[in-house]
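Here's the structure we're looking at; comments come further down.
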Amino acid sequence: MKRYWRYIKPYLSAFILAPLLMLTEVFGEILLPKLTSMIINNGVADRDVGYIMRVGGVMIFIAVIMAAGGIGGSYFSSKASICFSTDLRKDIFHKVQQFSFKNIDDFSTGSLVTRLTNDIQQIQNVIMLSLRLMFRAPGMLVGGLIMAYLMNRQLVLILLVVIPLLLLAIFVILKAAFPRFEAMQKKIDRLNSGVQEALTNVRVIKSFVREDYEAEKFKKTNRELKEGSLEAMKIVIATMPVMMLAMNITTIAVVWYGGNLIIAGKMPVGDLTAFTIYIIQILMSLMLLSMVFLQASRAMASLKRVNEILDTEIDLTDDHSANKSAMVTKGKVEFRDVSFQYAKGTEEMVLKKINFTAEQGETIGIIGSTGSGKTSLVQLIPRLYDADQGQVLVDGIDVKDYSIKNLRESVAMVLQQNVLFSGTIAENLRWGDENATMEDLIAMAESAQAHGFVSSFTDGYDTDLGHGGSNVSGGQKQRLCIARALLKRPKILILDDSTSAVDTATETKIRECFQTTLKDTTKFIIAQRISSVENADKIIVLDEGEIVGMGSHEELMQSCEAYQEIYYSQRDRKEEVGA
Ligand SMILES: Nc1ncnc2c1ncn2[C@@H]1O[C@H](COP(=O)(O)OP(=O)(O)OP(=O)(O)O)[C@@H](O)[C@H]1O
C-alpha cells in the first residue's frame with residue numbers, strides 16, 4: 001500500500017469527500033422508511049392530510065439532499081479513481097521505458113499492453129466502486145439493523161439465520177473467483193500478444209498466404225479467452241441471483257410473520273412496511289459488499305500483474321557508475337577478454353574472450369556466419385547488454401562507468417531491424433538531432449544517399465511516412481535510418497547489416513561519404529558481403545562467438561581460413577550469377 005500512497009496523496013480530498021458524501025444516501029435510506037411508517041401509522045390512520053404533507057415535505061427534502069450527495073460522491077469517486085490510474089499508468093510506462101533489453105526479453109509486448117490498459121482499468125473500477133460503497137454499504141447494513149431492531153426485536157431474529165448464510169456464500173464465491181480472474185487476465189495477454197504480432201507482421205503473413213493459419217490461431221486464443229471469461233463470469237452470474245433469492249425468501253418470511261403480528265394487534269401496519277424496506281436494505285448492502293469484493297478479487301489479480309512490472313529490477317542502470325560526468329570525446333573502443341551470454345548461469349557463452357581495439361576514426365568490419373555473435377558484440381558498446389566477464393572500454397573508461405545518457409548519446413546504432421515512426425521524413429530524421437536545420441537534414445541525407453529519392457517525393461522531407469515507414473522501400477528505409485544516425489554526429493557509429501537492402505553501387509557511395517562526413521568517428525560495420533567491409537581498417541571474423549581472424553582484407557586473405565571461405569563462396573556465387 002505504501003507504494004500506492006503517492007497516487008492517492010495528490011487527490012486526497014477527492015478520496016475523502018467521495019465516501020463522506022455517499023453517507024448522505026445512508027442517512028436518507030435510514031430515515032425514509034421510518035418517515036413512511038409514520039405517514040401510514042399516523043397520517044393515513046387519522047386521515048390527517050396536513051401531517052402527511054408535512055412529513056412528505058421532509059421526505060422530499062431528504063431525497064434532494066440524497067441526490068446531491070450521490071452526485072457529489074460519484075463525481076469525486078470518478079475523479080479520484082481516474083486520476084489514480086492515470087498517474088499509475090504514467091509511472092508504469094516510464095518504468096517500461098527504463099527496462100533494459102534483458103528486462104524486455106522477459107515480458108511479451110502483448111502482456112505489457114494488457115497490463116498498461118486492461119489491468120489498470122480493473123484497478124480503477126474497484127477504486128471507484130469502493131469509494132462509493134465503502135461507507136454506504138456498511139452504513140446501510142448497520143443503520144438498517146439498528147432501525148429494524150428498534151422496531152421489532154422478534155423479526156430481526158430472521159436475519160440471524162440469513163446473514164451468516166449469505167456471508168458463507170460470499171466467502172465461497174470469492175475463493176473461487178480469484179484464480180479464475182487471474183487465469184482470465186493471462187488469456188487476455190495471450191490474445192493481445194497474438195493480435196499485436198499478427199498486425200505488425202501482416203505483410204509477411206500475406207506474402208506466405210498464412211491468413212487462414214493466423215485466423216485459426218486467433219480463433220483458438222479467442223475461444224480460450226471466451227471460455228476463461230465464461231468460467232469467471234459463472235461466479236459473477238451466480239452472485240446476484242443467490243442474493244436476490246435470499247432477499248425474497250427473507251421478505252416473504254418477514255411479511256408472513258409480521259402479518260401474523262398485525263392480525264394479533266401486536267404491530268402497526270406502517271411498521272411492517274418500514275421493516276420490510278429495512279430488511280431489503282440490509283440484504284442489498286450485503287449484495288453491494290459482495291460486488292465490491294468480487295470486483296476487488298479481479299483487481300487483486302490485476303494489481304499482482306502491475307506489481308510484477310513495478311517490482312522488476314532494472315538490471316542495467318548507471319546508479320553505481322563511477323564517472324557519470326565523463327563524456328565520450330574520441331570514440332576509441334576496446335574489448336578486454338569479454339565474454340557474454342543471454343541465459344545467465346548456463347554453460348553457453350554467446351561471446352568468448354573477445355579482445356580487440358578500435359582507434360578513433362577507424363572503420364571496423366565484422367563478418368561471420370549467422371548466429372556467430374556479431375550483433376551481440378556491438379550491443380555491448382552502448383551498454384544495451386552488459387558483458388558478463390571482461391571489460392568494454394570507450395576512450396579508456398569502462399562503459400559501466402559512464403552515465404547511460406552520455407554513453408548512448410555518443411553512439412549511434414542502425415539496427416538490423418530498422419524502424420521508422422509515423423510522422424514526416426523530417427520528423428523522423430530529427431530523432432538524431434531535434435534542433436537540426438533543413439541544411440543539416442539534407443547534408444546527412446546526401447551522405448546516406450537518401451536525398452535523391454526524398455527529393456523525388458512530391459512533399460520531399462514533409463512526406464508522411466506510413467506506420468513504421470511502410471510506404472518506402474526496404475533500401476530507402478535503411479538509408480533514412482542511416483541519415484537519422486548520422487544526424488546524431490556520433491563518436492561511434494554502428495551499422496548492423498543496415499545496408500543489406502541497398503545495391504552495391506549505392507553502398508559504396510555511402511561508405512565513401514563516411515570518409516569525409518565521419519572522418520573522426522569510429523565506425524563498426526557488420527555485413528554479410530565481403531565487399532561491404534573489404535576496405536575497412538580492420539576486419540573481425542567471428543565464428544561461434546570467438547574471434548577467428550582479425551586484420552585487413554589482404555592480411556586475412558593470407559592468414560584466415562574462415563575469411564577465405566566466405567570470400568571464395570561469395571566470389572563463386574557472383575561468377576555463377578554472372579555466367
Ligand atoms: N535476445 C536474445 N536472447 C537470447 N538469445 C539470443 C538473443 N539474441 C541473440 N541470441 C542468440 O545469441 C547468438 C548470437 O546472436 P547474434 O544476433 O549476436 O548473431 P549474429 O551474428 O548477429 O547473427 P545474424 O548475422 O543472423 O544477425 C545466437 O545463437 C542467438 O540465438
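Chain labels run A, B, ... following the order of the C-alpha cells; each chain numbers its residues from 1, and ligands are numbered from 1 in the order shown.
All residues of protein, DNA or RNA that reach within 10 Å of Leu351 of chain A, judged by only C-alpha atoms and not counting those fewer than 2 positions away in the chain, are Asp337, Val338, Ser339, Phe340, Gln341, Tyr342, Glu348, Met349, Lys353, Ile354, Ser372, Gly373, Lys374, Ser376, Leu377, Ala387, Asp388, Gln389, Leu542, Asp543, Glu544, Gly545, Glu546 and Ile547 of chain A.
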Can you tell me which residues come within 12 Å of ligand 1 when counting only C-alpha atoms and all ligand atoms, ideally as a PyMOL selection string? chain A and resi 100-107+340-344+346+348-352+366-380+384-385+415-417+495-498+500+525-529+540-547
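Distance annotation: of A:Leu23, A:Ile364, A:Ile158, A:Leu420, the residue with the minimal separation from Ser532 of chain A is A:Ile364; atom set is only C-alpha atoms.
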Report as a PyMOL selection string all protein, DNA and RNA residues lying within 12 Å of Trp256 of chain A, evaluated on only C-alpha atoms, omitting residues in the same chain fewer than 6 positions from it. chain A and resi 155+158+249-250+262-263+272+276
Polymer residues at most 9 Å from Lys217 of chain A, only C-alpha atoms, same-chain spacing of 5 or more positions, as an mmCIF file with N, CA and C atoms, in the first residue's frame:
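Result file is around-v1.cif:
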```
data_model
loop_
_atom_site.group_PDB
_atom_site.id
_atom_site.type_symbol
_atom_site.label_atom_id
_atom_site.label_comp_id
_atom_site.auth_asym_id
_atom_site.auth_seq_id
_atom_site.Cartn_x
_atom_site.Cartn_y
_atom_site.Cartn_z
ATOM 1 N N GLY A 194 -0.937 -12.102 -29.548
ATOM 2 C CA GLY A 194 -1.213 -12.676 -30.867
ATOM 3 C C GLY A 194 -1.663 -11.602 -31.845
ATOM 4 N N ASP A 212 -5.155 -17.929 -43.274
ATOM 5 C CA ASP A 212 -6.041 -18.927 -42.654
ATOM 6 C C ASP A 212 -5.430 -19.464 -41.374
ATOM 7 N N ASN A 222 -8.893 -16.738 -29.003
ATOM 8 C CA ASN A 222 -10.145 -16.037 -28.720
ATOM 9 C C ASN A 222 -11.121 -16.970 -27.994
#
```
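You can rank A:Leu129, A:Leu556, A:Ile280, A:Ala14 by their closest distance to Ala148 of chain A using only C-alpha atoms, and at the top of that list sits A:Ile280.
Restricting the calculation to only C-alpha atoms, the smallest distance between Thr508 of chain A and any of A:Gln558, A:Asn471, A:Gln449, A:Ser229 is found for A:Gln449.
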Using only C-alpha atoms, which residues sit within 7 Å of Ala18 of chain A once same-chain residues fewer than 4 positions away are excluded, as a VMD selection string? chain A and resid 14 22 72 to 74 76 to 77 131 to 132
Got time to write the residues from that selection, C-alpha atoms, as a PDB file, in the first residue's frame?
```pdb
ATOM      1  CA  ALA A  14     -11.451  13.533  -3.564  1.00  0.00           C
ATOM      2  CA  MET A  22     -22.157   8.978  -0.048  1.00  0.00           C
ATOM      3  CA  GLY A  72     -21.028  14.651  -5.451  1.00  0.00           C
ATOM      4  CA  GLY A  73     -19.919  11.220  -4.249  1.00  0.00           C
ATOM      5  CA  SER A  74     -19.990   9.796  -7.766  1.00  0.00           C
ATOM      6  CA  PHE A  76     -15.290  12.610  -6.543  1.00  0.00           C
ATOM      7  CA  SER A  77     -15.006   8.825  -6.702  1.00  0.00           C
ATOM      8  CA  LEU A 131     -15.125   4.826  -2.683  1.00  0.00           C
ATOM      9  CA  ARG A 132     -18.827   4.832  -3.455  1.00  0.00           C
TER      10      ARG A 132
END
```
Considering only strand (DSSP E) as DSSP defines it on the backbone, what residues of segment 327-550 of chain A qualify? List them as a PyMOL selection string. chain A and resi 333-340+351-358+363-368+389-394+397-398+411-414+423-424+464-465+492-496+522-526+538-543+546-550
Limited to C-alpha atoms, could you put the picked residues into a file as a short mmCIF file (atom, residue, chain, number, x, y, z; two decimals), in the first residue's frame?
```cif
data_model
loop_
_atom_site.label_atom_id
_atom_site.label_comp_id
_atom_site.auth_asym_id
_atom_site.auth_seq_id
_atom_site.Cartn_x
_atom_site.Cartn_y
_atom_site.Cartn_z
CA VAL A 333 36.72 1.22 -28.33
CA GLU A 334 38.49 -1.59 -26.56
CA PHE A 335 37.27 -5.09 -25.67
CA ARG A 336 39.35 -6.85 -22.98
CA ASP A 337 38.65 -10.56 -22.53
CA VAL A 338 34.92 -10.00 -22.97
CA SER A 339 32.55 -12.93 -22.55
CA PHE A 340 28.79 -12.66 -22.70
CA LEU A 351 30.79 -14.30 -26.94
CA LYS A 352 34.02 -15.86 -25.71
CA LYS A 353 37.11 -13.92 -24.62
CA ILE A 354 36.84 -11.14 -27.18
CA ASN A 355 39.89 -8.85 -27.43
CA PHE A 356 40.40 -6.01 -29.90
CA THR A 357 40.96 -2.26 -30.08
CA ALA A 358 39.34 0.18 -32.48
CA THR A 363 36.42 1.51 -39.67
CA ILE A 364 36.00 -1.94 -38.22
CA GLY A 365 34.27 -4.56 -40.34
CA ILE A 366 32.65 -7.50 -38.57
CA ILE A 367 31.84 -10.60 -40.54
CA GLY A 368 30.81 -14.13 -39.69
CA GLN A 389 33.26 -11.17 -17.97
CA GLY A 390 35.97 -8.77 -19.05
CA GLN A 391 35.65 -5.10 -19.86
CA VAL A 392 34.34 -2.95 -22.67
CA LEU A 393 36.11 0.41 -22.68
CA VAL A 394 35.33 3.57 -24.59
CA ILE A 397 36.81 4.24 -19.47
CA ASP A 398 34.69 1.16 -18.70
CA VAL A 411 26.93 6.08 -30.02
CA ALA A 412 24.58 5.82 -32.99
CA MET A 413 23.35 2.39 -33.88
CA VAL A 414 21.45 1.44 -37.00
CA GLY A 423 5.30 11.30 -38.97
CA THR A 424 7.16 13.09 -41.74
CA ASP A 464 4.32 11.44 -44.31
CA LEU A 465 5.74 8.03 -43.55
CA ILE A 492 30.91 5.80 -32.62
CA LEU A 493 28.65 4.60 -35.43
CA ILE A 494 27.42 1.03 -35.62
CA LEU A 495 25.77 -0.26 -38.75
CA ASP A 496 24.34 -3.71 -38.08
CA THR A 522 34.84 5.14 -35.15
CA LYS A 523 32.71 3.01 -37.41
CA PHE A 524 31.61 -0.60 -36.92
CA ILE A 525 30.11 -2.21 -39.98
CA ILE A 526 28.51 -5.62 -39.64
CA LYS A 538 40.39 -3.87 -39.55
CA ILE A 539 38.06 -6.79 -40.13
CA ILE A 540 37.00 -9.04 -37.27
CA VAL A 541 35.95 -12.55 -38.28
CA LEU A 542 33.63 -14.18 -35.77
CA ASP A 543 32.74 -17.83 -35.52
CA GLU A 546 35.08 -16.36 -30.98
CA ILE A 547 37.38 -14.15 -32.99
CA VAL A 548 38.96 -16.47 -35.52
CA GLY A 549 40.66 -13.78 -37.54
CA MET A 550 41.47 -10.10 -37.37
#
```
With a distance cut-off of 10 Å and only C-alpha atoms, select the neighbouring residues of Ser531 of chain A, excluding the residue or stretch itself and same-chain residues fewer than 6 positions from it, and output the selection as a list in words. Thr504, Glu507, Thr508, His553, Tyr567 and Gln570 of chain A
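Between atom CA of Arg408 of chain A and atom CA of Pro382 of chain A there is a distance of 5.4 Å.
Comparing the minimum interatomic distances between Ala137 of chain A and each of A:Gly69, A:Ala501, A:Ile163, A:Met291, counting only C-alpha atoms, we find that A:Met291 sits nearest.
Distances from A:Val126, A:Met134, A:Val399, A:Leu303 to Pro19 of chain A were compared using only C-alpha atoms, and the smallest one belongs to A:Met134.
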From the DSSP assignment of the backbone, select every residue of segment 283-516 of chain A that is helix (DSSP H, G or I), and format the answer as number ranges by chain. A: 283-311, 374-379, 399-401, 404-409, 425-429, 438-447, 451-456, 460-462, 474-486, 504-516
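Distances to Ser108 of chain A were evaluated for A:Asp91, A:Asp189, A:Asp537, A:Glu439 using only C-alpha atoms, and the minimum falls at A:Asp189.
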Report as a ChimeraX atom specification all protein, DNA and RNA residues lying within 10 Å of Tyr11 of chain A, evaluated on only C-alpha atoms, omitting residues in the same chain fewer than 3 positions from it. /A:6-8,14-16,76,79-81,83-84
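For the atom pair formed by atom CA of Leu133 of chain A and atom CA of Phe171 of chain A, the distance is 18.6 Å, given to one decimal.
In this model, the gap between atom CA of Gly460 of chain A and atom CA of Ser207 of chain A comes to 29.8 Å.
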